[in-house]
Amino acid sequence: MKEKELLTIGNFSEYTKLNRSTLIYYDESGLFSPVERRSNGYRYYAPEQISTVNLVTYLQQFGIPLKKISEIMQCKSPEKTIKLLQEQKNSLLDKIEQTKYLFKVLNEFLIGMQEGLAADENRISVQHVEQRAIKLGLVNDFSKHQPFLEPFRKFCDENDGSVLYPIGGYFDSMSDFLKHPSEPDRFFAMDPDGPHIMSEGYYLVGYTRGYYSQTNDLPQRIEKYALENNIVFDAPVYNVFLLNELSGVDFDKYLLQVSARIKTPEA
């Protein structure tokens, strides 16, 4: 090839938008080399190599490791390239699904923490709650006086796909909640793709501070408020910690929200 048709590494860098150090690394690793390397060490590239190195750039942007790219560059064929691209396509699809899942998990924690910061935690009030999807676990068994962590661990084992979401306690009725406020009938995950529903409606909502399973005097305060205001409960009851280890280091400062469905909004 005529000398005037060759491009210096500087010119080639300008055309390809790849810096000199990258081009030198490609050459030294055997991934992509200039057509000529002179005794003085200067590298010269042919114009048609621009499209070749662009292929390397494309494949890198697709997330394909340099080792695999090097294998393809050594012996290119439509069949090999199609196989490589199909494999990477499948990998990207998996990453897209994982990213969507993690986005939803992150969003649920954000919603909870923002609600926790805005809560009037010293007040019990009637609130309208929108319908939302959740995932209920199996019925818990505390009959053998199992510690709280045992049923919780079982829920996590049975719901591997949902345990990253915030997890709460579910009670079939206010009566159950008052009898054993630290022993939920079931656990549930705030999974927006869950098969179960937290129904839209009015709920009596209260808050307390403490570690997991700690409800303090909140059950009694909720019951007292309901009696004084002629509120009738219409099961179920949901417990969820809006502020937990993600937002603080003091176990005693975790913020529990209790939401008990009621039949009428009148207070």
# chains A, B, ... in the order shown; residues from 1 in each chain; ligands from 1
>>> select_by_dssp(residues="range 26-147 of chain A", states="strand (DSSP E)", output="PyMOL selection string")
chain A and resi 36-37+43-45+125-129+132-136
>>> residues_around(residues="range 159-166 of chain A", least_positions_apart="2", cutoff="9 Å", atoms="only C-alpha atoms", output="number ranges by chain")
A: 102, 104-106, 108-109, 112, 135, 137, 154-157, 168, 188-191, 194, 240-242
>>> write_last_selection(atoms="N, CA and C atoms", output="compact mmCIF listing (two decimals), in the first residue's frame")
# COMPACT_ATOMS: atom_id res chain seq x y z
N LEU A 102 -34.53 -5.18 40.27
CA LEU A 102 -33.85 -4.38 41.29
C LEU A 102 -34.42 -2.98 41.36
N LYS A 104 -37.56 -2.17 40.86
CA LYS A 104 -38.82 -2.26 41.61
C LYS A 104 -38.57 -2.44 43.11
N VAL A 105 -37.54 -3.23 43.45
CA VAL A 105 -37.19 -3.40 44.86
C VAL A 105 -36.76 -2.07 45.46
N LEU A 106 -35.86 -1.38 44.76
CA LEU A 106 -35.39 -0.08 45.23
C LEU A 106 -36.54 0.89 45.40
N GLU A 108 -39.69 0.29 46.04
CA GLU A 108 -40.51 -0.05 47.20
C GLU A 108 -39.88 0.47 48.50
N PHE A 109 -38.57 0.35 48.61
CA PHE A 109 -37.89 0.87 49.80
C PHE A 109 -37.97 2.40 49.85
N GLY A 112 -41.45 3.44 51.01
CA GLY A 112 -41.61 3.21 52.43
C GLY A 112 -40.88 4.24 53.27
N LYS A 135 -47.25 -10.25 48.21
CA LYS A 135 -47.12 -11.70 48.15
C LYS A 135 -47.19 -12.25 49.56
N GLY A 137 -47.17 -15.09 52.47
CA GLY A 137 -46.54 -16.37 52.75
C GLY A 137 -47.55 -17.36 53.31
N LYS A 154 -38.35 -19.37 57.43
CA LYS A 154 -39.12 -20.27 56.58
C LYS A 154 -39.78 -19.50 55.44
N PHE A 155 -40.31 -18.31 55.75
CA PHE A 155 -40.92 -17.47 54.72
C PHE A 155 -39.88 -17.12 53.65
N CYS A 156 -38.69 -16.74 54.07
CA CYS A 156 -37.62 -16.38 53.13
C CYS A 156 -37.24 -17.56 52.26
N ASP A 157 -37.16 -18.75 52.86
CA ASP A 157 -36.80 -19.95 52.10
C ASP A 157 -37.85 -20.26 51.04
N GLY A 168 -43.37 -7.61 55.69
CA GLY A 168 -44.18 -7.22 56.83
C GLY A 168 -44.92 -8.39 57.43
N PHE A 188 -45.60 -11.18 54.68
CA PHE A 188 -45.89 -10.81 53.30
C PHE A 188 -44.77 -9.92 52.78
N ALA A 189 -44.56 -9.97 51.47
CA ALA A 189 -43.56 -9.14 50.81
C ALA A 189 -44.27 -8.06 50.00
N MET A 190 -43.70 -6.86 50.00
CA MET A 190 -44.26 -5.75 49.24
C MET A 190 -43.87 -5.89 47.77
N ASP A 191 -44.26 -7.00 47.20
CA ASP A 191 -43.89 -7.36 45.83
C ASP A 191 -44.96 -6.83 44.87
N GLY A 194 -46.75 -9.42 43.03
CA GLY A 194 -47.28 -10.51 43.83
C GLY A 194 -48.70 -10.90 43.43
N VAL A 240 -45.63 -3.17 58.88
CA VAL A 240 -44.43 -3.07 58.05
C VAL A 240 -43.52 -1.98 58.62
N PHE A 241 -42.21 -2.24 58.61
CA PHE A 241 -41.25 -1.27 59.10
C PHE A 241 -40.85 -0.35 57.95
N LEU A 242 -41.26 0.92 58.06
CA LEU A 242 -40.95 1.89 57.01
C LEU A 242 -39.51 2.37 57.10
>>> closest_residue(among="A:Tyr44, A:Gly201, A:Thr208, A:Val56", to="Arg123 in chain A", atoms="only C-alpha atoms")
A:Thr208
>>> residues_around(residues="Tyr238 in chain A", least_positions_apart="6", cutoff="8 Å", atoms="only C-alpha atoms", output="list in words")
Gly168, Gly169, Tyr170, Phe171, Val258, Ser259 and Ala260 of chain A
>>> write_last_selection(atoms="N, CA and C atoms", output="mmCIF file, in the first residue's frame")
data_model
loop_
_atom_site.group_PDB
_atom_site.id
_atom_site.type_symbol
_atom_site.label_atom_id
_atom_site.label_comp_id
_atom_site.auth_asym_id
_atom_site.auth_seq_id
_atom_site.Cartn_x
_atom_site.Cartn_y
_atom_site.Cartn_z
ATOM 1 N N GLY A 168 -43.369 -7.609 55.690
ATOM 2 C CA GLY A 168 -44.184 -7.216 56.829
ATOM 3 C C GLY A 168 -44.920 -8.392 57.426
ATOM 4 N N GLY A 169 -45.679 -8.095 58.467
ATOM 5 C CA GLY A 169 -46.493 -9.107 59.128
ATOM 6 C C GLY A 169 -47.966 -8.910 58.820
ATOM 7 N N TYR A 170 -48.666 -10.005 58.562
ATOM 8 C CA TYR A 170 -50.080 -9.981 58.193
ATOM 9 C C TYR A 170 -50.884 -10.716 59.266
ATOM 10 N N PHE A 171 -51.986 -10.094 59.685
ATOM 11 C CA PHE A 171 -52.892 -10.697 60.665
ATOM 12 C C PHE A 171 -54.281 -10.806 60.042
ATOM 13 N N VAL A 258 -48.544 0.235 61.526
ATOM 14 C CA VAL A 258 -49.619 -0.759 61.609
ATOM 15 C C VAL A 258 -50.830 -0.178 60.894
ATOM 16 N N SER A 259 -51.363 -0.909 59.918
ATOM 17 C CA SER A 259 -52.541 -0.484 59.171
ATOM 18 C C SER A 259 -53.637 -1.528 59.329
ATOM 19 N N ALA A 260 -54.734 -1.128 59.960
ATOM 20 C CA ALA A 260 -55.851 -2.047 60.219
ATOM 21 C C ALA A 260 -57.059 -1.601 59.402
#
>>> select_by_dssp(residues="range 12-218 of chain A", states="alpha helix (DSSP H)", output="MDAnalysis selection string")
chainID A and resid 12:16 20:29 49:61 66:74 78:118 149:158 174:179 218
>>> atom_distance(atom1="CA of Asp120 in chain A", atom2="CA of Asp234 in chain A")
23.4 Å
>>> residues_around(residues="range 22-28 of chain A", least_positions_apart="4", cutoff="12 Å", atoms="only C-alpha atoms", output="PyMOL selection string")
chain A and resi 8-14+16-18+32-37+41-45+49-50+53-54+56-57+66-67+69-70+73
>>> write_last_selection(atoms="N, CA and C atoms", output="short mmCIF file (atom, residue, chain, number, x, y, z; two decimals), in the first residue's frame")
data_model
loop_
_atom_site.label_atom_id
_atom_site.label_comp_id
_atom_site.auth_asym_id
_atom_site.auth_seq_id
_atom_site.Cartn_x
_atom_site.Cartn_y
_atom_site.Cartn_z
N THR A 8 -1.20 7.67 10.26
CA THR A 8 -0.43 7.57 11.50
C THR A 8 -1.39 7.21 12.64
N ILE A 9 -0.82 6.81 13.76
CA ILE A 9 -1.67 6.45 14.90
C ILE A 9 -2.48 7.66 15.37
N GLY A 10 -1.90 8.86 15.20
CA GLY A 10 -2.63 10.08 15.57
C GLY A 10 -3.84 10.30 14.68
N ASN A 11 -3.62 10.16 13.35
CA ASN A 11 -4.74 10.31 12.41
C ASN A 11 -5.79 9.24 12.63
N PHE A 12 -5.32 8.03 12.82
CA PHE A 12 -6.25 6.91 13.02
C PHE A 12 -7.07 7.11 14.30
N SER A 13 -6.45 7.65 15.32
CA SER A 13 -7.13 7.93 16.57
C SER A 13 -8.24 8.96 16.36
N GLU A 14 -7.96 9.97 15.55
CA GLU A 14 -8.97 11.00 15.27
C GLU A 14 -10.17 10.42 14.54
N THR A 16 -11.23 7.26 14.45
CA THR A 16 -11.94 6.20 15.18
C THR A 16 -12.43 6.61 16.56
N LYS A 17 -11.97 7.80 17.05
CA LYS A 17 -12.32 8.27 18.40
C LYS A 17 -11.76 7.37 19.50
N LEU A 18 -10.75 6.59 19.15
CA LEU A 18 -10.06 5.76 20.14
C LEU A 18 -8.73 6.43 20.47
N PHE A 32 -5.85 -6.16 17.78
CA PHE A 32 -5.97 -5.40 16.54
C PHE A 32 -4.65 -4.67 16.33
N SER A 33 -4.01 -4.93 15.21
CA SER A 33 -2.68 -4.36 14.96
C SER A 33 -2.67 -3.51 13.69
N PRO A 34 -1.76 -2.56 13.61
CA PRO A 34 -1.63 -1.75 12.39
C PRO A 34 -1.09 -2.60 11.25
N VAL A 35 -1.25 -2.12 10.03
CA VAL A 35 -0.73 -2.88 8.88
C VAL A 35 0.79 -2.79 8.80
N GLU A 36 1.34 -1.78 9.48
CA GLU A 36 2.79 -1.62 9.39
C GLU A 36 3.33 -1.02 10.68
N ARG A 37 4.42 -1.60 11.13
CA ARG A 37 5.14 -1.05 12.28
C ARG A 37 6.60 -0.94 11.88
N GLY A 41 9.44 2.30 15.47
CA GLY A 41 8.35 2.05 16.39
C GLY A 41 7.03 2.68 15.99
N TYR A 42 7.03 3.51 14.95
CA TYR A 42 5.81 4.18 14.53
C TYR A 42 4.83 3.19 13.92
N ARG A 43 3.55 3.36 14.27
CA ARG A 43 2.49 2.50 13.76
C ARG A 43 1.73 3.22 12.64
N TYR A 44 1.40 2.44 11.59
CA TYR A 44 0.65 2.98 10.46
C TYR A 44 -0.55 2.06 10.16
N TYR A 45 -1.69 2.71 9.91
CA TYR A 45 -2.93 1.97 9.69
C TYR A 45 -3.48 2.25 8.29
N GLN A 49 -9.01 -0.22 7.80
CA GLN A 49 -8.99 -0.76 9.16
C GLN A 49 -9.93 -0.02 10.11
N ILE A 50 -10.41 1.13 9.67
CA ILE A 50 -11.36 1.89 10.50
C ILE A 50 -12.61 1.05 10.76
N VAL A 53 -11.73 -1.87 13.26
CA VAL A 53 -11.65 -1.50 14.68
C VAL A 53 -13.01 -1.04 15.21
N ASN A 54 -13.86 -0.53 14.31
CA ASN A 54 -15.22 -0.17 14.74
C ASN A 54 -15.98 -1.41 15.22
N VAL A 56 -14.66 -3.92 16.78
CA VAL A 56 -14.19 -4.15 18.15
C VAL A 56 -14.96 -3.24 19.11
N THR A 57 -15.11 -1.98 18.73
CA THR A 57 -15.83 -1.02 19.57
C THR A 57 -17.28 -1.44 19.78
N LEU A 66 -13.14 -8.76 25.93
CA LEU A 66 -12.09 -8.64 24.91
C LEU A 66 -11.55 -10.00 24.49
N LYS A 67 -11.52 -10.96 25.43
CA LYS A 67 -11.01 -12.28 25.08
C LYS A 67 -11.84 -12.92 23.98
N ILE A 69 -13.80 -11.28 21.89
CA ILE A 69 -13.66 -10.46 20.68
C ILE A 69 -12.39 -10.87 19.94
N SER A 70 -11.31 -11.09 20.69
CA SER A 70 -10.05 -11.50 20.09
C SER A 70 -10.20 -12.81 19.33
N MET A 73 -11.93 -12.06 16.09
CA MET A 73 -11.09 -11.30 15.17
C MET A 73 -10.04 -12.19 14.50
#
>>> closest_atom_pairs(of="range 108-196 of chain A", to="range 219-227 of chain A", cutoff="9 Å", atoms="only C-alpha atoms", output="Markdown table")
| residue | atom | partner | partner_atom | distance |
| --- | --- | --- | --- | --- |
| A:Ile124 | CA | A:Ile222 | CA | 7.0 |
| A:Ser125 | CA | A:Tyr225 | CA | 8.8 |
| A:Met174 | CA | A:Glu223 | CA | 8.6 |
| A:Phe177 | CA | A:Pro219 | CA | 7.4 |
| A:Leu178 | CA | A:Pro219 | CA | 5.9 |
| A:Pro181 | CA | A:Pro219 | CA | 7.2 |
>>> write_last_selection(atoms="C-alpha atoms", output="compact mmCIF listing (two decimals), in the first residue's frame")
# COMPACT_ATOMS: atom_id res chain seq x y z
CA ILE A 124 -53.39 7.46 65.17
CA SER A 125 -55.53 8.35 62.18
CA MET A 174 -57.60 -7.18 64.73
CA PHE A 177 -53.20 -8.75 66.26
CA LEU A 178 -54.27 -7.86 69.79
CA PRO A 181 -48.96 -8.63 68.00
>>> closest_residue(among="A:Leu7, A:Leu84, A:Ala235, A:Leu246", to="Asp172 in chain A", atoms="only C-alpha atoms")
A:Ala235
